[in-house]
Amino acid sequence: MSKLFSDENKAAFSGPINLNNPVTVQVLGICSALAVTSQLEPAIVMGLSVTVITAFANVIISLLRKTIPNRIRIIVQLVVVAALVTIVSQVLKAFAYDVSVQLSVYVGLIITNCILMGRLEAFAMQNAPWPSFLDGIGNGLGYALVLVIVGFVRELFGFGTLFGFNIIPASWYAENGGWYMNNGMMVMPAMSLIIVGCVIWAHRSINKEA
Amino acid sequence: MKALRKLFDNIKPMVEEGGKFHAFRSLVDGFETFAFVPNQTSRTGSVNIHDAIDSKRIMSFVVIALLPALLFGMYNVGYQNYLAAGTLGDASFCDIFGFGLLAVLPKIIVSYIVGLGIEFVVAQWKGEEIQEGFLVSGIIIPMIIPVNTPLWMLALAVAFSVIFAKEIFGGTGMNIFNPALVTRAFLFFSYPSVMTGDDNVWVAQHTIFGLGNDLPDTFTAATPLGEAALGNGLTDQWSAFIGLIPGSIGETSVVAIAIGAVILLWTGIASWRTMGSVFVGGALTACLFHQTGVSPLSCVDQLVVGGFCFGAVFMATDPVTSARTSCGQYIYGFLIGVVAVLVRVLNPGFPEGMMLAILLLNLFAPAIDYCFVQSNINKRARRAIKK
């Protein structure tokens, strides 16, 4: 047991969540972070999908790592990722159809997510399955964390809701005689780039030496 | 003036390092350098040449140049309100101007408090001298928005643009985009219904301290550009030239803006190359669209309505965000004019294209400069090799 949760394994898991976050430090996976974060629910589903796919792709590649010929490793990695993405996409369509419609092509585009290929190349090809699994979970959650922060801000100020429930009182709105109005720019992808920038800014001011 | 000097001399020790009010150092510093040209010399030790006029004095001249348009804008705000209520004949000049003043003043105050507040905090935090750039932006911002813009939106937009368009790039003189236009762009994309929308944003609708008239909620007044987007031509070119038309506060009057343009060109602060080529580019494109029947507005119409003049005179010529090389300024200005009219005519979603055109060309200004500087270097290198 102690071997399963050794310091190195813990670092493989916790590093990507904070100090080596794939989005805020390595600036990977930005495209989907911009595309699916206009509301909180798709952001969370997307984050979890990437977590699951990264974890299992890491495990599978790690198991195969000694048999994969070096020259075709990218193709092998892609096949594994594509298979997993297809499975996740089908599961979403079966059990969470509305969200999968909202996510539309972005579930399929997880195949091209830089975080995935990065982890496979940088970690799973050199490490045993269990640390690779932790690394995958950690990176997925680190990505999901940023997505949730961005999704939270965008949904709250862009729609005045969280998970579809009204947070900002209806009486505040201008059409009901109040003064408030939802910020249309929050709904646009441009604003999520700025929010991701702010998250990176905050993260780097907190962890100055990292 | 002497009393002022004395006042600053008395206050100064209090805000020095270790003084009682050190937290206000940047504030006092800022006001002192506005009032008096600082007598410090450069610290690098090498030989430097300074112009007699420093950037704070330049900014003050731009503000002076903006005043005619601002004052006229205030009058027009009152005029539009009384006109819409049908009581123009009974109102005196003081009523009309007073109403406009009361409607516009809160916007100017909010814009300055929020913008300068952030600048002072940043200057204090970084231990730098207060930067003067917001002096101009702060007065331009209220002039390029509709009179009915809520103050909280204005405050939010100003904060956004000062932080994200200016301080992030390193403050005054370092910004890529014109902060005043970023403020407007933020408002435009965040709250489109307040910035163009159902055309009831251009005329102040409520009485202020007994001045002005309450207008019914259903009242609407479209700008000439809004009408043009629907395919209607300009009916009254003369009032568009004078400026008694609905529009953003300071942009309507060509006459008032022309006075500002003369001040800017006479003092040499604005580049006549940029300013002129914006008009040339806009006029040629407008002619083209009018002749081919795409737009109901003629060449002159396009130039006198909307924010074209204001943008050409005060925004395109911003020395920080525009092209710096002489040839580059021709290209930069010309393309602003072309793109502005292009957006107006071809995109029904954006009746006014000046803001987008200037922001777009702000982005390309460094590239334009680079091309001309580089080609000049290459030319000289070839000449040197030949000899």
# chains A, B, ... in the order shown; residues from 1 in each chain; ligands from 1
call {"tool": "residues_around", "arguments": {"residues": "Thr172 (chain B)", "least_positions_apart": "4", "cutoff": "10 Å", "atoms": "only C-alpha atoms", "output": "list in words"}}
result
Glu119, Ile130, Gln131, Glu132, Gly133, Phe134, Val162, Lys166, Glu167, Pro179 and Val320 of chain B
call {"tool": "interface_residues", "arguments": {"of": "chain B", "to": "chain A", "cutoff": "7 Å", "atoms": "only C-alpha atoms", "output": "VMD selection string"}}
result
chain B and resid 189 to 191
call {"tool": "atom_distance", "arguments": {"atom1": "CA of Leu265 (chain B)", "atom2": "CA of Leu135 (chain B)"}}
result
19.5 Å
call {"tool": "residues_around", "arguments": {"residues": "Pro68 (chain B)", "least_positions_apart": "6", "cutoff": "10 Å", "atoms": "only C-alpha atoms", "output": "VMD selection string"}}
result
chain B and resid 74 250 253 255 to 260
call {"tool": "write_last_selection", "arguments": {"atoms": "N, CA and C atoms", "output": "mmCIF file, in the first residue's frame"}}
result
data_model
loop_
_atom_site.group_PDB
_atom_site.id
_atom_site.type_symbol
_atom_site.label_atom_id
_atom_site.label_comp_id
_atom_site.auth_asym_id
_atom_site.auth_seq_id
_atom_site.Cartn_x
_atom_site.Cartn_y
_atom_site.Cartn_z
ATOM 1 N N MET B 74 -23.116 68.454 -25.016
ATOM 2 C CA MET B 74 -24.033 68.721 -23.911
ATOM 3 C C MET B 74 -25.267 69.468 -24.416
ATOM 4 N N GLY B 250 -20.496 63.162 -27.918
ATOM 5 C CA GLY B 250 -19.609 64.163 -28.488
ATOM 6 C C GLY B 250 -19.364 64.050 -29.986
ATOM 7 N N SER B 253 -21.276 66.705 -33.928
ATOM 8 C CA SER B 253 -21.058 67.969 -34.621
ATOM 9 C C SER B 253 -19.743 68.013 -35.390
ATOM 10 N N VAL B 255 -18.746 70.630 -36.983
ATOM 11 C CA VAL B 255 -18.172 71.956 -36.753
ATOM 12 C C VAL B 255 -17.291 71.955 -35.499
ATOM 13 N N ALA B 256 -17.862 71.439 -34.397
ATOM 14 C CA ALA B 256 -17.122 71.454 -33.136
ATOM 15 C C ALA B 256 -15.861 70.597 -33.238
ATOM 16 N N ILE B 257 -15.983 69.473 -33.942
ATOM 17 C CA ILE B 257 -14.818 68.603 -34.086
ATOM 18 C C ILE B 257 -13.761 69.276 -34.954
ATOM 19 N N ALA B 258 -14.228 70.047 -35.959
ATOM 20 C CA ALA B 258 -13.279 70.745 -36.828
ATOM 21 C C ALA B 258 -12.464 71.759 -36.037
ATOM 22 N N ILE B 259 -13.109 72.435 -35.061
ATOM 23 C CA ILE B 259 -12.360 73.376 -34.217
ATOM 24 C C ILE B 259 -11.263 72.617 -33.476
ATOM 25 N N GLY B 260 -11.642 71.455 -32.921
ATOM 26 C CA GLY B 260 -10.655 70.630 -32.228
ATOM 27 C C GLY B 260 -9.538 70.198 -33.162
#
call {"tool": "residues_around", "arguments": {"residues": "region 355-369 of chain B", "least_positions_apart": "3", "cutoff": "7 Å", "atoms": "only C-alpha atoms", "output": "PyMOL selection string"}}
result
chain B and resi 176-177+181+316+321-325+328+332+336+339-340+372-373
call {"tool": "write_last_selection", "arguments": {"atoms": "C-alpha atoms", "output": "PDB file, in the first residue's frame"}}
result
ATOM      1  CA  ILE B 176      -1.624  48.467 -28.367  1.00  0.00           C
ATOM      2  CA  PHE B 177      -5.272  49.508 -28.420  1.00  0.00           C
ATOM      3  CA  LEU B 181     -12.224  52.546 -27.860  1.00  0.00           C
ATOM      4  CA  ALA B 316      -7.072  57.557 -35.191  1.00  0.00           C
ATOM      5  CA  THR B 321      -1.576  53.436 -30.989  1.00  0.00           C
ATOM      6  CA  SER B 322      -1.207  54.817 -34.511  1.00  0.00           C
ATOM      7  CA  ALA B 323       1.566  54.257 -37.002  1.00  0.00           C
ATOM      8  CA  ARG B 324       4.692  56.330 -36.385  1.00  0.00           C
ATOM      9  CA  THR B 325       6.431  56.419 -39.763  1.00  0.00           C
ATOM     10  CA  GLY B 328       2.935  54.266 -42.523  1.00  0.00           C
ATOM     11  CA  TYR B 332      -2.823  53.384 -41.571  1.00  0.00           C
ATOM     12  CA  ILE B 336      -9.153  53.068 -41.250  1.00  0.00           C
ATOM     13  CA  VAL B 339     -12.665  49.644 -43.244  1.00  0.00           C
ATOM     14  CA  ALA B 340     -14.978  52.021 -41.365  1.00  0.00           C
ATOM     15  CA  PHE B 372       8.476  50.849 -43.824  1.00  0.00           C
ATOM     16  CA  VAL B 373      11.395  50.958 -41.411  1.00  0.00           C
TER      17      VAL B 373
END
call {"tool": "select_by_dssp", "arguments": {"residues": "region 115-357 of chain B", "states": "helix (DSSP H, G or I)", "output": "ChimeraX atom specification"}}
result
/B:115-126,134-143,151-169,179-190,192-195,224-229,237-242,254-266,272-291,299-304,308-315,326-346,354-357
call {"tool": "residues_around", "arguments": {"residues": "Val147 (chain B)", "least_positions_apart": "5", "cutoff": "9 Å", "atoms": "only C-alpha atoms", "output": "number ranges by chain"}}
result
B: 77, 103-104, 107, 142, 201-204, 247-249
call {"tool": "write_last_selection", "arguments": {"atoms": "C-alpha atoms", "output": "CSV table (one decimal), in the first residue's frame"}}
result
chain,number,residue,atom,x,y,z
B,77,VAL,CA,-28.3,66.2,-25.4
B,103,ALA,CA,-27.0,64.5,-18.1
B,104,VAL,CA,-23.3,64.3,-19.2
B,107,LYS,CA,-20.5,60.2,-16.9
B,142,PRO,CA,-18.2,59.8,-22.1
B,201,VAL,CA,-30.7,55.0,-26.3
B,202,TRP,CA,-29.7,58.2,-28.0
B,203,VAL,CA,-32.0,60.7,-26.4
B,204,ALA,CA,-32.1,61.3,-22.6
B,247,GLY,CA,-25.9,60.1,-31.7
B,248,SER,CA,-23.2,59.5,-29.1
B,249,ILE,CA,-22.6,62.5,-26.9
call {"tool": "residues_around", "arguments": {"residues": "region 112-125 of chain A", "least_positions_apart": "4", "cutoff": "8 Å", "atoms": "only C-alpha atoms", "output": "PyMOL selection string"}}
result
chain A and resi 22+28-29+32+54+57-59+61-62+65+77+129+132+135-136+139
call {"tool": "residues_around", "arguments": {"residues": "Thr235 (chain B)", "least_positions_apart": "3", "cutoff": "12 Å", "atoms": "only C-alpha atoms", "output": "PyMOL selection string"}}
result
chain B and resi 223-225+227-228+232+238-241+245+296-298+301+305
call {"tool": "closest_residue", "arguments": {"among": "B:Val110, B:Cys327, B:Ile139, B:Val294", "to": "Leu230 (chain B)", "atoms": "only C-alpha atoms"}}
result
B:Val294
call {"tool": "closest_residue", "arguments": {"among": "A:Ala128, A:Ala174, A:Arg154, A:Ile149", "to": "Lys66 (chain A)", "atoms": "only C-alpha atoms"}}
result
A:Ala128
